[in-house]
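Reading through the structure tokens given below for one structure.
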Amino acid sequence: MRSFSKRFIILLTLMMSSLFAWLFIGVLDVERMEDEGYYEFFMKKHPTTRVVFSDPYASDAVGEESENKKRQDANGDWTLGTLEMDEYLEYCKYRFGIEKTNSISSRDLCKKQSAVQ
């Protein structure tokens, strides 16, 4: 009987640790030409079931081989499509705690935070 309760407590502890890791640890998938499969782990500011995020500004997948030809705006920043911008701002929310108020100002703030890290 006693070994059953120890096993139950150990199993419960492992399950709670796994749940905490799933909700609060994120993975940044960075596309680099020379390294395939470069990942960076980070602690999320808010819990979410999403684990893998992407940062298009951290990727160097912009070149002649890239199927996504990115354009630059007047400031020299890459312009993102609506879906890419939404995913980037979601990444910023969970990585840096930046809430989306204005997409351009949120993007600029997130890029500054990324440069610091």
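Residues in the structure tokens are numbered from 1 in each chain, the chains being A, B, ... in the order shown, and ligands are numbered from 1 in the order shown.
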Set the distance at 10 Å and use only C-alpha atoms: which residues neighbour Ser106 of chain A once local chain neighbours fewer than 5 positions away are removed? I'd like the list as a PDB file with C-alpha atoms, in the first residue's frame.
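The resulting file, part-v9.pdb, is shown below:
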```pdb
ATOM      1  CA  TYR A  88       5.112  37.558 -34.900  1.00  0.00           C
ATOM      2  CA  LEU A  89       3.016  39.655 -32.505  1.00  0.00           C
ATOM      3  CA  CYS A  92       6.188  38.883 -28.894  1.00  0.00           C
ATOM      4  CA  LYS A  93       3.283  38.555 -26.479  1.00  0.00           C
ATOM      5  CA  ILE A  98       4.201  42.842 -25.332  1.00  0.00           C
ATOM      6  CA  GLU A  99       0.476  43.212 -25.891  1.00  0.00           C
ATOM      7  CA  LYS A 100      -0.738  44.175 -29.365  1.00  0.00           C
ATOM      8  CA  THR A 101      -1.990  47.742 -29.329  1.00  0.00           C
ATOM      9  CA  LYS A 111      12.472  44.096 -32.313  1.00  0.00           C
ATOM     10  CA  LYS A 112      14.184  46.262 -29.685  1.00  0.00           C
TER      11      LYS A 112
END
```
Report task. Figure out the distance between atom CA of Asp55 of chain A and atom CA of Leu80 of chain A, please, to one decimal in Å. Result -> 11.0 Å
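Atom CA of Leu109 of chain A is found 9.6 Å from atom CA of Phe96 of chain A.
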Report task. Considering only C-alpha atoms, state which residue in the set A:Leu11, A:Met85, A:Cys110, A:Leu23 is at the smallest distance from Pro47 of chain A. Result -> A:Leu23
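Rounded to one decimal, atom CA of Val51 of chain A and atom CA of Ser18 of chain A lie 12.7 Å from each other.
Among the candidates A:Leu83, A:Asp108, A:Arg95, A:Asn102, the one nearest to Glu40 of chain A when counting only C-alpha atoms is A:Arg95.
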